[in-house]
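> Handing over upload30.pdb, PDB, C-alpha atoms.
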```pdb
ATOM      1  CA  MET A   1      13.535  66.339 -54.767
ATOM      2  CA  THR A   2      14.821  64.451 -57.819
ATOM      3  CA  LYS A   3      16.198  61.866 -55.434
ATOM      4  CA  SER A   4      12.854  61.023 -53.867
ATOM      5  CA  VAL A   5      11.221  60.891 -57.315
ATOM      6  CA  LEU A   6      13.874  58.427 -58.415
ATOM      7  CA  LEU A   7      13.390  56.427 -55.224
ATOM      8  CA  LEU A   8       9.634  56.298 -55.818
ATOM      9  CA  CYS A   9      10.193  55.165 -59.400
ATOM     10  CA  GLY A  10      12.528  52.468 -58.155
ATOM     11  CA  ILE A  11      10.042  51.192 -55.613
ATOM     12  CA  THR A  12       7.215  51.180 -58.178
ATOM     13  CA  VAL A  13       9.248  49.215 -60.689
ATOM     14  CA  ALA A  14      10.330  46.724 -58.012
ATOM     15  CA  LEU A  15       6.754  46.209 -56.789
ATOM     16  CA  LEU A  16       5.422  45.853 -60.337
ATOM     17  CA  THR A  17       8.022  43.223 -61.181
ATOM     18  CA  LEU A  18       7.141  41.342 -58.021
ATOM     19  CA  ALA A  19       3.412  41.538 -58.770
ATOM     20  CA  LEU A  20       3.890  40.329 -62.336
ATOM     21  CA  LYS A  21       6.040  37.453 -61.135
ATOM     22  CA  THR A  22       3.308  36.344 -58.761
ATOM     23  CA  TYR A  23       0.711  36.366 -61.514
ATOM     24  CA  ALA A  24       2.777  34.686 -64.182
ATOM     25  CA  HIS A  25       1.397  31.246 -64.637
ATOM     26  CA  ALA A  26       4.014  29.202 -66.362
ATOM     27  CA  PRO A  27       4.011  25.386 -66.078
ATOM     28  CA  GLU A  28       7.377  25.528 -64.288
ATOM     29  CA  LEU A  29       5.696  27.281 -61.376
ATOM     30  CA  HIS A  30       3.566  24.244 -60.717
ATOM     31  CA  LYS A  31       6.564  22.014 -60.549
ATOM     32  CA  LYS A  32       7.389  22.758 -56.941
ATOM     33  CA  GLU A  33       3.890  21.830 -55.851
ATOM     34  CA  SER A  34       4.308  18.213 -56.843
ATOM     35  CA  ALA A  35       7.690  16.877 -55.843
ATOM     36  CA  ASP A  36       6.597  13.299 -56.624
ATOM     37  CA  LYS A  37       8.290  11.262 -59.298
ATOM     38  CA  PRO A  38       6.409   9.153 -61.826
ATOM     39  CA  GLN A  39       6.143   5.673 -60.326
ATOM     40  CA  CYS A  40       7.461   3.881 -63.359
ATOM     41  CA  GLU A  41       7.860   0.515 -61.620
ATOM     42  CA  ALA A  42       4.105   0.143 -62.093
ATOM     43  CA  MET A  43       4.640  -0.060 -65.850
ATOM     44  CA  GLN A  44       6.211  -3.482 -65.484
ATOM     45  CA  LYS A  45       3.033  -4.918 -64.054
ATOM     46  CA  MET A  46       0.823  -3.547 -66.819
ATOM     47  CA  ASP A  47      -0.549  -5.763 -69.531
ATOM     48  CA  HIS A  48       1.782  -5.631 -72.527
ATOM     49  CA  SER A  49       0.318  -8.670 -74.237
ATOM     50  CA  ASP A  50      -0.706  -6.656 -77.274
ATOM     51  CA  MET A  51       2.511  -4.966 -78.409
ATOM     52  CA  ASP A  52       0.980  -3.465 -81.557
ATOM     53  CA  LYS A  53      -1.719  -1.807 -79.522
ATOM     54  CA  ASP A  54       0.882  -0.503 -77.055
ATOM     55  CA  MET A  55       2.750   1.288 -79.816
ATOM     56  CA  GLU A  56      -0.372   3.024 -81.087
ATOM     57  CA  ASP A  57      -1.869   3.802 -77.692
ATOM     58  CA  PRO A  58      -1.215   7.459 -76.773
ATOM     59  CA  ILE A  59      -1.567   6.608 -73.065
ATOM     60  CA  MET A  60       1.247   4.060 -73.369
ATOM     61  CA  GLN A  61       3.338   6.442 -75.465
ATOM     62  CA  ALA A  62       2.881   9.214 -72.904
ATOM     63  CA  MET A  63       3.972   6.837 -70.131
ATOM     64  CA  MET A  64       7.059   5.752 -72.068
ATOM     65  CA  GLU A  65       7.973   9.400 -72.525
ATOM     66  CA  GLN A  66       7.579  10.036 -68.788
ATOM     67  CA  CYS A  67       9.587   6.945 -67.908
ATOM     68  CA  LYS A  68      12.263   7.007 -70.588
ATOM     69  CA  ASP A  69      15.067   7.812 -68.107
ATOM     70  CA  TRP A  70      13.851   5.160 -65.730
ATOM     71  CA  LEU A  71      13.480   2.537 -68.459
ATOM     72  CA  HIS A  72      17.027   3.338 -69.521
ATOM     73  CA  ASP A  73      18.432   3.043 -65.956
ATOM     74  CA  GLU A  74      16.531  -0.168 -65.375
ATOM     75  CA  HIS A  75      18.116  -1.703 -68.458
ATOM     76  CA  GLU A  76      21.618  -0.710 -67.331
ATOM     77  CA  GLN A  77      20.989  -2.204 -63.894
ATOM     78  CA  ASP A  78      19.948  -5.455 -65.493
ATOM     79  CA  VAL A  79      23.204  -5.530 -67.369
ATOM     80  CA  LYS A  80      25.211  -4.798 -64.200
ATOM     81  CA  GLU A  81      23.440  -7.382 -62.051
ATOM     82  CA  HIS A  82      23.774 -10.137 -64.595
ATOM     83  CA  PRO A  83      26.955  -9.114 -66.433
ATOM     84  CA  SER A  84      27.380 -12.201 -68.531
ATOM     85  CA  ASP A  85      24.073 -13.974 -68.328
ATOM     86  CA  GLY A  86      24.107 -17.197 -70.245
ATOM     87  CA  HIS A  87      27.835 -17.807 -70.272
ATOM     88  CA  ASP A  88      28.143 -18.433 -66.506
ATOM     89  CA  LYS A  89      25.345 -20.928 -66.548
ATOM     90  CA  HIS A  90      27.464 -23.456 -68.345
ATOM     91  CA  ASN A  91      30.250 -23.228 -65.761
ATOM     92  CA  GLN A  92      27.914 -23.405 -62.747
ATOM     93  CA  GLY A  93      26.504 -26.867 -63.628
TER
ATOM     94  CA  MET B   1     -59.436  48.673 -69.526
ATOM     95  CA  THR B   2     -60.004  46.737 -66.312
ATOM     96  CA  ILE B   3     -57.987  43.854 -67.802
ATOM     97  CA  ILE B   4     -54.966  46.093 -68.298
ATOM     98  CA  LYS B   5     -55.378  47.546 -64.804
ATOM     99  CA  THR B   6     -55.512  44.071 -63.262
ATOM    100  CA  LEU B   7     -52.480  42.977 -65.259
ATOM    101  CA  VAL B   8     -50.456  45.968 -64.141
ATOM    102  CA  ALA B   9     -51.545  45.388 -60.552
ATOM    103  CA  VAL B  10     -50.488  41.709 -60.733
ATOM    104  CA  ILE B  11     -47.107  42.614 -62.197
ATOM    105  CA  ILE B  12     -46.451  45.262 -59.568
ATOM    106  CA  PHE B  13     -47.605  42.911 -56.810
ATOM    107  CA  THR B  14     -45.256  40.132 -58.050
ATOM    108  CA  LEU B  15     -42.344  42.546 -58.289
ATOM    109  CA  VAL B  16     -42.933  43.871 -54.786
ATOM    110  CA  VAL B  17     -43.291  40.387 -53.288
ATOM    111  CA  GLY B  18     -40.225  39.197 -55.202
ATOM    112  CA  LEU B  19     -38.126  42.118 -54.046
ATOM    113  CA  GLY B  20     -39.529  41.674 -50.533
ATOM    114  CA  VAL B  21     -38.385  38.032 -50.461
ATOM    115  CA  ILE B  22     -34.916  39.007 -51.712
ATOM    116  CA  TYR B  23     -34.498  41.888 -49.245
ATOM    117  CA  SER B  24     -36.005  40.022 -46.301
ATOM    118  CA  GLY B  25     -33.110  37.545 -46.424
ATOM    119  CA  ILE B  26     -35.300  34.469 -45.955
ATOM    120  CA  TYR B  27     -33.906  32.762 -49.074
ATOM    121  CA  PRO B  28     -31.440  30.025 -47.971
ATOM    122  CA  ILE B  29     -28.147  30.576 -49.817
ATOM    123  CA  GLY B  30     -25.977  27.949 -48.029
ATOM    124  CA  ALA B  31     -24.237  25.397 -50.256
ATOM    125  CA  ASP B  32     -25.392  22.656 -47.888
ATOM    126  CA  GLN B  33     -28.976  23.328 -49.055
ATOM    127  CA  ARG B  34     -30.489  21.912 -52.239
ATOM    128  CA  HIS B  35     -32.288  23.964 -54.889
ATOM    129  CA  SER B  36     -36.018  23.524 -55.251
ATOM    130  CA  ALA B  37     -37.026  21.663 -58.413
ATOM    131  CA  VAL B  38     -38.029  24.927 -60.090
ATOM    132  CA  THR B  39     -34.801  26.790 -59.291
ATOM    133  CA  PHE B  40     -32.800  23.733 -60.365
ATOM    134  CA  TRP B  41     -34.582  23.527 -63.694
ATOM    135  CA  LEU B  42     -34.105  27.247 -64.284
ATOM    136  CA  LEU B  43     -30.353  27.237 -63.565
ATOM    137  CA  ASP B  44     -29.697  23.881 -65.241
ATOM    138  CA  THR B  45     -31.472  24.874 -68.446
ATOM    139  CA  LEU B  46     -29.890  28.321 -68.416
ATOM    140  CA  ARG B  47     -26.390  26.784 -68.121
ATOM    141  CA  LYS B  48     -26.900  24.079 -70.740
ATOM    142  CA  ARG B  49     -28.465  26.368 -73.329
ATOM    143  CA  SER B  50     -25.849  29.043 -72.762
ATOM    144  CA  VAL B  51     -22.879  26.677 -73.057
ATOM    145  CA  ALA B  52     -24.390  24.952 -76.105
ATOM    146  CA  ARG B  53     -24.945  28.249 -77.887
ATOM    147  CA  ALA B  54     -21.641  29.871 -76.953
ATOM    148  CA  SER B  55     -19.560  26.839 -77.963
ATOM    149  CA  GLU B  56     -21.417  26.108 -81.210
ATOM    150  CA  ASP B  57     -18.883  27.580 -83.643
ATOM    151  CA  ILE B  58     -15.683  26.472 -81.936
ATOM    152  CA  GLU B  59     -13.357  24.484 -84.184
ATOM    153  CA  VAL B  60     -11.918  21.412 -82.520
ATOM    154  CA  PRO B  61      -8.230  20.785 -83.351
ATOM    155  CA  SER B  62      -6.826  17.263 -83.508
ATOM    156  CA  LEU B  63      -6.737  15.827 -80.008
ATOM    157  CA  GLY B  64      -5.014  12.834 -78.428
ATOM    158  CA  SER B  65      -1.264  13.152 -78.975
ATOM    159  CA  PRO B  66       0.973  11.882 -76.151
ATOM    160  CA  GLN B  67       2.310  15.445 -75.719
ATOM    161  CA  GLN B  68      -1.201  16.755 -75.175
ATOM    162  CA  LEU B  69      -1.885  14.036 -72.612
ATOM    163  CA  LEU B  70       1.266  14.992 -70.689
ATOM    164  CA  SER B  71       0.567  18.726 -70.748
ATOM    165  CA  GLY B  72      -3.137  18.345 -70.006
ATOM    166  CA  GLY B  73      -2.560  15.614 -67.438
ATOM    167  CA  ALA B  74      -0.126  17.618 -65.338
ATOM    168  CA  ASP B  75      -2.408  20.670 -65.461
ATOM    169  CA  TYR B  76      -5.449  18.576 -64.587
ATOM    170  CA  ASN B  77      -3.735  17.014 -61.601
ATOM    171  CA  ASP B  78      -2.562  20.393 -60.290
ATOM    172  CA  MET B  79      -5.735  22.377 -60.847
ATOM    173  CA  CYS B  80      -8.763  20.157 -61.323
ATOM    174  CA  ALA B  81      -8.493  16.785 -59.584
ATOM    175  CA  GLY B  82      -9.480  18.232 -56.195
ATOM    176  CA  CYS B  83     -12.932  18.981 -57.567
ATOM    177  CA  HIS B  84     -13.323  16.577 -60.509
ATOM    178  CA  LEU B  85     -11.613  13.510 -58.964
ATOM    179  CA  LYS B  86      -9.003  11.116 -60.324
ATOM    180  CA  PRO B  87      -8.910   7.341 -60.851
ATOM    181  CA  GLY B  88      -9.258   5.552 -57.526
ATOM    182  CA  VAL B  89     -10.639   8.590 -55.669
ATOM    183  CA  THR B  90     -14.401   8.815 -55.296
ATOM    184  CA  GLU B  91     -14.855  11.889 -53.117
ATOM    185  CA  THR B  92     -13.035  14.930 -51.744
ATOM    186  CA  ASP B  93     -14.007  17.821 -49.467
ATOM    187  CA  MET B  94     -14.899  19.705 -52.634
ATOM    188  CA  THR B  95     -17.169  17.069 -54.197
ATOM    189  CA  ILE B  96     -18.969  16.731 -50.873
ATOM    190  CA  GLY B  97     -19.165  20.410 -50.027
ATOM    191  CA  LEU B  98     -19.651  22.234 -53.318
ATOM    192  CA  TYR B  99     -23.125  22.850 -54.723
ATOM    193  CA  PRO B 100     -23.574  22.470 -57.655
ATOM    194  CA  THR B 101     -21.498  19.319 -57.199
ATOM    195  CA  PRO B 102     -18.521  19.211 -59.596
ATOM    196  CA  PRO B 103     -19.156  16.405 -62.117
ATOM    197  CA  ASP B 104     -16.924  13.323 -61.796
ATOM    198  CA  LEU B 105     -14.760  13.598 -64.921
ATOM    199  CA  THR B 106     -13.273  10.118 -64.457
ATOM    200  CA  VAL B 107     -16.474   8.579 -65.777
ATOM    201  CA  PRO B 108     -17.370   8.821 -69.484
ATOM    202  CA  PRO B 109     -19.593  11.851 -70.308
ATOM    203  CA  GLU B 110     -22.561   9.667 -71.277
ATOM    204  CA  LYS B 111     -22.631   8.281 -67.732
ATOM    205  CA  HIS B 112     -22.769  11.701 -66.027
ATOM    206  CA  ASP B 113     -25.995  12.158 -64.176
ATOM    207  CA  HIS B 114     -26.751  15.236 -66.235
ATOM    208  CA  ASP B 115     -26.835  15.562 -69.990
ATOM    209  CA  HIS B 116     -25.129  18.274 -72.002
ATOM    210  CA  GLY B 117     -27.826  20.382 -73.520
ATOM    211  CA  SER B 118     -29.689  19.768 -76.718
ATOM    212  CA  GLY B 119     -27.938  18.675 -79.878
ATOM    213  CA  GLY B 120     -25.733  15.620 -79.601
ATOM    214  CA  HIS B 121     -25.559  14.528 -75.984
ATOM    215  CA  ASP B 122     -22.839  12.019 -76.671
ATOM    216  CA  ASP B 123     -21.311  13.436 -79.819
ATOM    217  CA  PRO B 124     -17.594  13.587 -78.877
ATOM    218  CA  VAL B 125     -17.064  16.721 -80.989
ATOM    219  CA  VAL B 126     -19.890  18.562 -79.237
ATOM    220  CA  ILE B 127     -18.591  17.422 -75.845
ATOM    221  CA  ALA B 128     -15.055  18.592 -76.721
ATOM    222  CA  LYS B 129     -16.329  22.036 -77.777
ATOM    223  CA  GLN B 130     -18.344  22.414 -74.596
ATOM    224  CA  GLN B 131     -15.553  21.210 -72.326
ATOM    225  CA  TYR B 132     -13.138  23.638 -73.980
ATOM    226  CA  TRP B 133     -15.589  26.490 -73.563
ATOM    227  CA  VAL B 134     -16.304  25.690 -69.907
ATOM    228  CA  ILE B 135     -12.599  25.371 -69.028
ATOM    229  CA  LYS B 136     -11.808  28.646 -70.789
ATOM    230  CA  HIS B 137     -14.736  30.722 -69.527
ATOM    231  CA  GLY B 138     -15.865  28.970 -66.350
ATOM    232  CA  ILE B 139     -19.443  28.918 -65.048
ATOM    233  CA  MET B 140     -20.779  31.828 -63.014
ATOM    234  CA  ALA B 141     -21.867  31.290 -59.424
ATOM    235  CA  SER B 142     -20.498  27.751 -59.318
ATOM    236  CA  GLY B 143     -17.064  26.540 -58.244
ATOM    237  CA  MET B 144     -15.957  26.344 -61.874
ATOM    238  CA  ALA B 145     -13.399  29.067 -62.581
ATOM    239  CA  ALA B 146     -12.417  30.510 -65.974
ATOM    240  CA  PHE B 147      -8.944  29.231 -66.813
ATOM    241  CA  GLY B 148      -8.790  31.248 -70.049
ATOM    242  CA  PRO B 149      -7.237  34.375 -68.521
ATOM    243  CA  THR B 150      -4.272  32.405 -67.206
ATOM    244  CA  HIS B 151      -3.844  29.561 -69.731
ATOM    245  CA  SER B 152      -3.195  29.459 -73.476
ATOM    246  CA  ASP B 153      -5.710  27.835 -75.815
ATOM    247  CA  GLU B 154      -3.135  25.164 -76.491
ATOM    248  CA  ARG B 155      -2.989  24.156 -72.834
ATOM    249  CA  ILE B 156      -6.782  24.183 -72.571
ATOM    250  CA  TRP B 157      -7.148  21.907 -75.627
ATOM    251  CA  ALA B 158      -4.523  19.625 -74.072
ATOM    252  CA  MET B 159      -6.736  19.370 -70.986
ATOM    253  CA  VAL B 160      -9.710  18.489 -73.204
ATOM    254  CA  ALA B 161      -7.581  15.787 -74.876
ATOM    255  CA  PHE B 162      -6.652  14.474 -71.437
ATOM    256  CA  LEU B 163     -10.305  14.442 -70.329
ATOM    257  CA  GLN B 164     -11.146  12.218 -73.317
ATOM    258  CA  LYS B 165      -8.689   9.559 -72.098
ATOM    259  CA  LEU B 166      -9.199  10.022 -68.358
ATOM    260  CA  PRO B 167     -12.141   7.593 -67.986
ATOM    261  CA  GLU B 168     -10.044   4.662 -69.282
ATOM    262  CA  MET B 169      -6.981   5.366 -67.113
ATOM    263  CA  THR B 170      -5.950   3.244 -64.148
ATOM    264  CA  PRO B 171      -4.630   4.970 -60.989
ATOM    265  CA  GLU B 172      -1.084   3.839 -61.942
ATOM    266  CA  GLN B 173      -1.307   5.229 -65.467
ATOM    267  CA  TYR B 174      -2.755   8.450 -64.091
ATOM    268  CA  GLN B 175       0.096   8.800 -61.593
ATOM    269  CA  ILE B 176       2.786   8.365 -64.243
ATOM    270  CA  ILE B 177       1.177  10.629 -66.829
ATOM    271  CA  THR B 178       0.199  13.519 -64.551
ATOM    272  CA  THR B 179       3.451  13.876 -62.597
ATOM    273  CA  ARG B 180       5.560  16.852 -63.620
ATOM    274  CA  ARG B 181       9.155  15.800 -64.171
TER
END
```
In structure tokens, how does this file's structure come out?

Amino acid sequence: MTKSVLLLCGITVALLTLALKTYAHAPELHKKESADKPQCEAMQKMDHSDMDKDMEDPIMQAMMEQCKDWLHDEHEQDVKEHPSDGHDKHNQG
Amino acid sequence: MTIIKTLVAVIIFTLVVGLGVIYSGIYPIGADQRHSAVTFWLLDTLRKRSVARASEDIEVPSLGSPQQLLSGGADYNDMCAGCHLKPGVTETDMTIGLYPTPPDLTVPPEKHDHDHGSGGHDDPVVIAKQQYWVIKHGIMASGMAAFGPTHSDERIWAMVAFLQKLPEMTPEQYQIITTRR
């Protein structure tokens, strides 16, 4: 008797946990739905003529936040591809 | 006395005919139909007045931080863009099939084909209050759900902040800002 009561309790708790999990609506749950990455390359083509405006513009700031890893990687790549830009040029002539 | 009798008779007659129409099933309820001008006016005015009144006393927090744009943008892309569009997309199954048609939120509010109830049609504060209220509570018998039960006020205000910037965003900016990392 006590056993089946315990079993029932167990099942109820398990089901409740499952149900609550399904209803929880945390931002992380959305993450799987969109596996895309921000296409940061597009930032290079945008108009940066007005630097002061860029720094104040929340849209630009939000994009920089989204792309900060990418901007960082891109810079490192530049350094790798052209390790000693400037110095070689003299020797190549 | 006869006046009162006639009045009562008219009222009863109208009620019976009205109920008869409802029960007969002849009213077309399909979303591929359009409301008659009278029904449209009734529902449109009802919605505008109700939203204007209910949102009157809401206090608008400061909106527009990059963090709000990121939170609101990701939520918008996941939950709203299918109905309310995004830069570069002009129609979806939902905008074609839903009636009332979900307003295109990628165009500035003053260019929407419907205005926003009396009292400051293009006052940004009034628009922010009303958008917050509609996102939180939804609109009955339309496709617009209440997101209040499942989302904090903070996330809803972030969506309002995002909506303020959405009309000026390019498809590329939208893609970067709305993607969850």
> Using atom CA of Trp70 of chain A and atom CA of Ile156 of chain B as the two end points, give the distance in Å to one decimal.
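Going from atom CA of Trp70 of chain A over to atom CA of Ile156 of chain B, I get 28.9 Å.
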> I'd like the residues picked by the PyMOL selection byres ((chain B) within 10 of (chain A)) written out as a ChimeraX atom specification, using the chain letters and numbers from the file.
/B:64-71,74-75,77-79,149-151,155,162,165-166,168-170,172-181
> Okay, now the selection with C-alpha atoms, as a PDB file, in the coordinates of the input?

```pdb
ATOM      1  CA  GLY B  64      -5.014  12.834 -78.428  1.00  0.00           C
ATOM      2  CA  SER B  65      -1.264  13.152 -78.975  1.00  0.00           C
ATOM      3  CA  PRO B  66       0.973  11.882 -76.151  1.00  0.00           C
ATOM      4  CA  GLN B  67       2.310  15.445 -75.719  1.00  0.00           C
ATOM      5  CA  GLN B  68      -1.201  16.755 -75.175  1.00  0.00           C
ATOM      6  CA  LEU B  69      -1.885  14.036 -72.612  1.00  0.00           C
ATOM      7  CA  LEU B  70       1.266  14.992 -70.689  1.00  0.00           C
ATOM      8  CA  SER B  71       0.567  18.726 -70.748  1.00  0.00           C
ATOM      9  CA  ALA B  74      -0.126  17.618 -65.338  1.00  0.00           C
ATOM     10  CA  ASP B  75      -2.408  20.670 -65.461  1.00  0.00           C
ATOM     11  CA  ASN B  77      -3.735  17.014 -61.601  1.00  0.00           C
ATOM     12  CA  ASP B  78      -2.562  20.393 -60.290  1.00  0.00           C
ATOM     13  CA  MET B  79      -5.735  22.377 -60.847  1.00  0.00           C
ATOM     14  CA  PRO B 149      -7.237  34.375 -68.521  1.00  0.00           C
ATOM     15  CA  THR B 150      -4.272  32.405 -67.206  1.00  0.00           C
ATOM     16  CA  HIS B 151      -3.844  29.561 -69.731  1.00  0.00           C
ATOM     17  CA  ARG B 155      -2.989  24.156 -72.834  1.00  0.00           C
ATOM     18  CA  PHE B 162      -6.652  14.474 -71.437  1.00  0.00           C
ATOM     19  CA  LYS B 165      -8.689   9.559 -72.098  1.00  0.00           C
ATOM     20  CA  LEU B 166      -9.199  10.022 -68.358  1.00  0.00           C
ATOM     21  CA  GLU B 168     -10.044   4.662 -69.282  1.00  0.00           C
ATOM     22  CA  MET B 169      -6.981   5.366 -67.113  1.00  0.00           C
ATOM     23  CA  THR B 170      -5.950   3.244 -64.148  1.00  0.00           C
ATOM     24  CA  GLU B 172      -1.084   3.839 -61.942  1.00  0.00           C
ATOM     25  CA  GLN B 173      -1.307   5.229 -65.467  1.00  0.00           C
ATOM     26  CA  TYR B 174      -2.755   8.450 -64.091  1.00  0.00           C
ATOM     27  CA  GLN B 175       0.096   8.800 -61.593  1.00  0.00           C
ATOM     28  CA  ILE B 176       2.786   8.365 -64.243  1.00  0.00           C
ATOM     29  CA  ILE B 177       1.177  10.629 -66.829  1.00  0.00           C
ATOM     30  CA  THR B 178       0.199  13.519 -64.551  1.00  0.00           C
ATOM     31  CA  THR B 179       3.451  13.876 -62.597  1.00  0.00           C
ATOM     32  CA  ARG B 180       5.560  16.852 -63.620  1.00  0.00           C
ATOM     33  CA  ARG B 181       9.155  15.800 -64.171  1.00  0.00           C
TER      34      ARG B 181
END
```
> Have a look at atom CA of Pro61 of chain B and atom CA of Cys83 of chain B and let me know their distance in Å, one decimal.
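It comes out at 26.3 Å.
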> Measure the distance from atom CA of Val125 of chain B to atom CA of Gly143 of chain B in Å and round it to one decimal.
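Atom CA of Gly143 of chain B lies at a distance of 24.8 Å from atom CA of Val125 of chain B.
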> Tell me which residues come within 12 Å of (-23.3, 25.4, -72.4), as a PyMOL selection string, counting all atoms listed in the file in the file's coordinates.
chain B and resi 43-56+115-119+121+126-135+137-140
> Could you take the residues named above and write them with C-alpha atoms, as a PDB file, in the frame of the given file?

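Listing of result.pdb after writing:
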```pdb
ATOM      1  CA  LEU B  43     -30.353  27.237 -63.565  1.00  0.00           C
ATOM      2  CA  ASP B  44     -29.697  23.881 -65.241  1.00  0.00           C
ATOM      3  CA  THR B  45     -31.472  24.874 -68.446  1.00  0.00           C
ATOM      4  CA  LEU B  46     -29.890  28.321 -68.416  1.00  0.00           C
ATOM      5  CA  ARG B  47     -26.390  26.784 -68.121  1.00  0.00           C
ATOM      6  CA  LYS B  48     -26.900  24.079 -70.740  1.00  0.00           C
ATOM      7  CA  ARG B  49     -28.465  26.368 -73.329  1.00  0.00           C
ATOM      8  CA  SER B  50     -25.849  29.043 -72.762  1.00  0.00           C
ATOM      9  CA  VAL B  51     -22.879  26.677 -73.057  1.00  0.00           C
ATOM     10  CA  ALA B  52     -24.390  24.952 -76.105  1.00  0.00           C
ATOM     11  CA  ARG B  53     -24.945  28.249 -77.887  1.00  0.00           C
ATOM     12  CA  ALA B  54     -21.641  29.871 -76.953  1.00  0.00           C
ATOM     13  CA  SER B  55     -19.560  26.839 -77.963  1.00  0.00           C
ATOM     14  CA  GLU B  56     -21.417  26.108 -81.210  1.00  0.00           C
ATOM     15  CA  ASP B 115     -26.835  15.562 -69.990  1.00  0.00           C
ATOM     16  CA  HIS B 116     -25.129  18.274 -72.002  1.00  0.00           C
ATOM     17  CA  GLY B 117     -27.826  20.382 -73.520  1.00  0.00           C
ATOM     18  CA  SER B 118     -29.689  19.768 -76.718  1.00  0.00           C
ATOM     19  CA  GLY B 119     -27.938  18.675 -79.878  1.00  0.00           C
ATOM     20  CA  HIS B 121     -25.559  14.528 -75.984  1.00  0.00           C
ATOM     21  CA  VAL B 126     -19.890  18.562 -79.237  1.00  0.00           C
ATOM     22  CA  ILE B 127     -18.591  17.422 -75.845  1.00  0.00           C
ATOM     23  CA  ALA B 128     -15.055  18.592 -76.721  1.00  0.00           C
ATOM     24  CA  LYS B 129     -16.329  22.036 -77.777  1.00  0.00           C
ATOM     25  CA  GLN B 130     -18.344  22.414 -74.596  1.00  0.00           C
ATOM     26  CA  GLN B 131     -15.553  21.210 -72.326  1.00  0.00           C
ATOM     27  CA  TYR B 132     -13.138  23.638 -73.980  1.00  0.00           C
ATOM     28  CA  TRP B 133     -15.589  26.490 -73.563  1.00  0.00           C
ATOM     29  CA  VAL B 134     -16.304  25.690 -69.907  1.00  0.00           C
ATOM     30  CA  ILE B 135     -12.599  25.371 -69.028  1.00  0.00           C
ATOM     31  CA  HIS B 137     -14.736  30.722 -69.527  1.00  0.00           C
ATOM     32  CA  GLY B 138     -15.865  28.970 -66.350  1.00  0.00           C
ATOM     33  CA  ILE B 139     -19.443  28.918 -65.048  1.00  0.00           C
ATOM     34  CA  MET B 140     -20.779  31.828 -63.014  1.00  0.00           C
TER      35      MET B 140
END
```
> Would it be fine to have segment 68-78 of chain B, with N, CA, C and O atoms, given as an mmCIF file, in the first residue's frame?

```cif
data_model
loop_
_atom_site.group_PDB
_atom_site.id
_atom_site.type_symbol
_atom_site.label_atom_id
_atom_site.label_comp_id
_atom_site.auth_asym_id
_atom_site.auth_seq_id
_atom_site.Cartn_x
_atom_site.Cartn_y
_atom_site.Cartn_z
ATOM 1 N N GLN B 68 18.862 46.835 -24.436
ATOM 2 C CA GLN B 68 17.441 46.655 -24.724
ATOM 3 C C GLN B 68 17.231 46.237 -26.174
ATOM 4 O O GLN B 68 16.417 45.371 -26.471
ATOM 5 N N LEU B 69 17.992 46.852 -27.088
ATOM 6 C CA LEU B 69 17.834 46.493 -28.499
ATOM 7 C C LEU B 69 18.171 45.024 -28.721
ATOM 8 O O LEU B 69 17.506 44.333 -29.495
ATOM 9 N N LEU B 70 19.202 44.525 -28.028
ATOM 10 C CA LEU B 70 19.606 43.128 -28.216
ATOM 11 C C LEU B 70 18.567 42.172 -27.632
ATOM 12 O O LEU B 70 18.192 41.194 -28.278
ATOM 13 N N SER B 71 18.095 42.485 -26.420
ATOM 14 C CA SER B 71 17.077 41.626 -25.812
ATOM 15 C C SER B 71 15.778 41.665 -26.624
ATOM 16 O O SER B 71 15.226 40.637 -27.011
ATOM 17 N N GLY B 72 15.316 42.877 -26.903
ATOM 18 C CA GLY B 72 14.061 43.037 -27.636
ATOM 19 C C GLY B 72 14.162 42.523 -29.062
ATOM 20 O O GLY B 72 13.208 41.966 -29.595
ATOM 21 N N GLY B 73 15.325 42.711 -29.673
ATOM 22 C CA GLY B 73 15.508 42.279 -31.059
ATOM 23 C C GLY B 73 15.433 40.770 -31.205
ATOM 24 O O GLY B 73 14.743 40.254 -32.088
ATOM 25 N N ALA B 74 16.121 40.064 -30.305
ATOM 26 C CA ALA B 74 16.102 38.600 -30.380
ATOM 27 C C ALA B 74 14.689 38.080 -30.127
ATOM 28 O O ALA B 74 14.207 37.192 -30.835
ATOM 29 N N ASP B 75 14.004 38.655 -29.137
ATOM 30 C CA ASP B 75 12.625 38.237 -28.858
ATOM 31 C C ASP B 75 11.721 38.541 -30.050
ATOM 32 O O ASP B 75 10.878 37.731 -30.429
ATOM 33 N N TYR B 76 11.883 39.728 -30.618
ATOM 34 C CA TYR B 76 11.035 40.099 -31.757
ATOM 35 C C TYR B 76 11.220 39.119 -32.905
ATOM 36 O O TYR B 76 10.265 38.644 -33.503
ATOM 37 N N ASN B 77 12.470 38.802 -33.197
ATOM 38 C CA ASN B 77 12.739 37.912 -34.326
ATOM 39 C C ASN B 77 12.145 36.521 -34.086
ATOM 40 O O ASN B 77 11.611 35.903 -35.001
ATOM 41 N N ASP B 78 12.230 36.046 -32.842
ATOM 42 C CA ASP B 78 11.705 34.711 -32.540
ATOM 43 C C ASP B 78 10.186 34.670 -32.519
ATOM 44 O O ASP B 78 9.585 33.691 -32.925
#
```
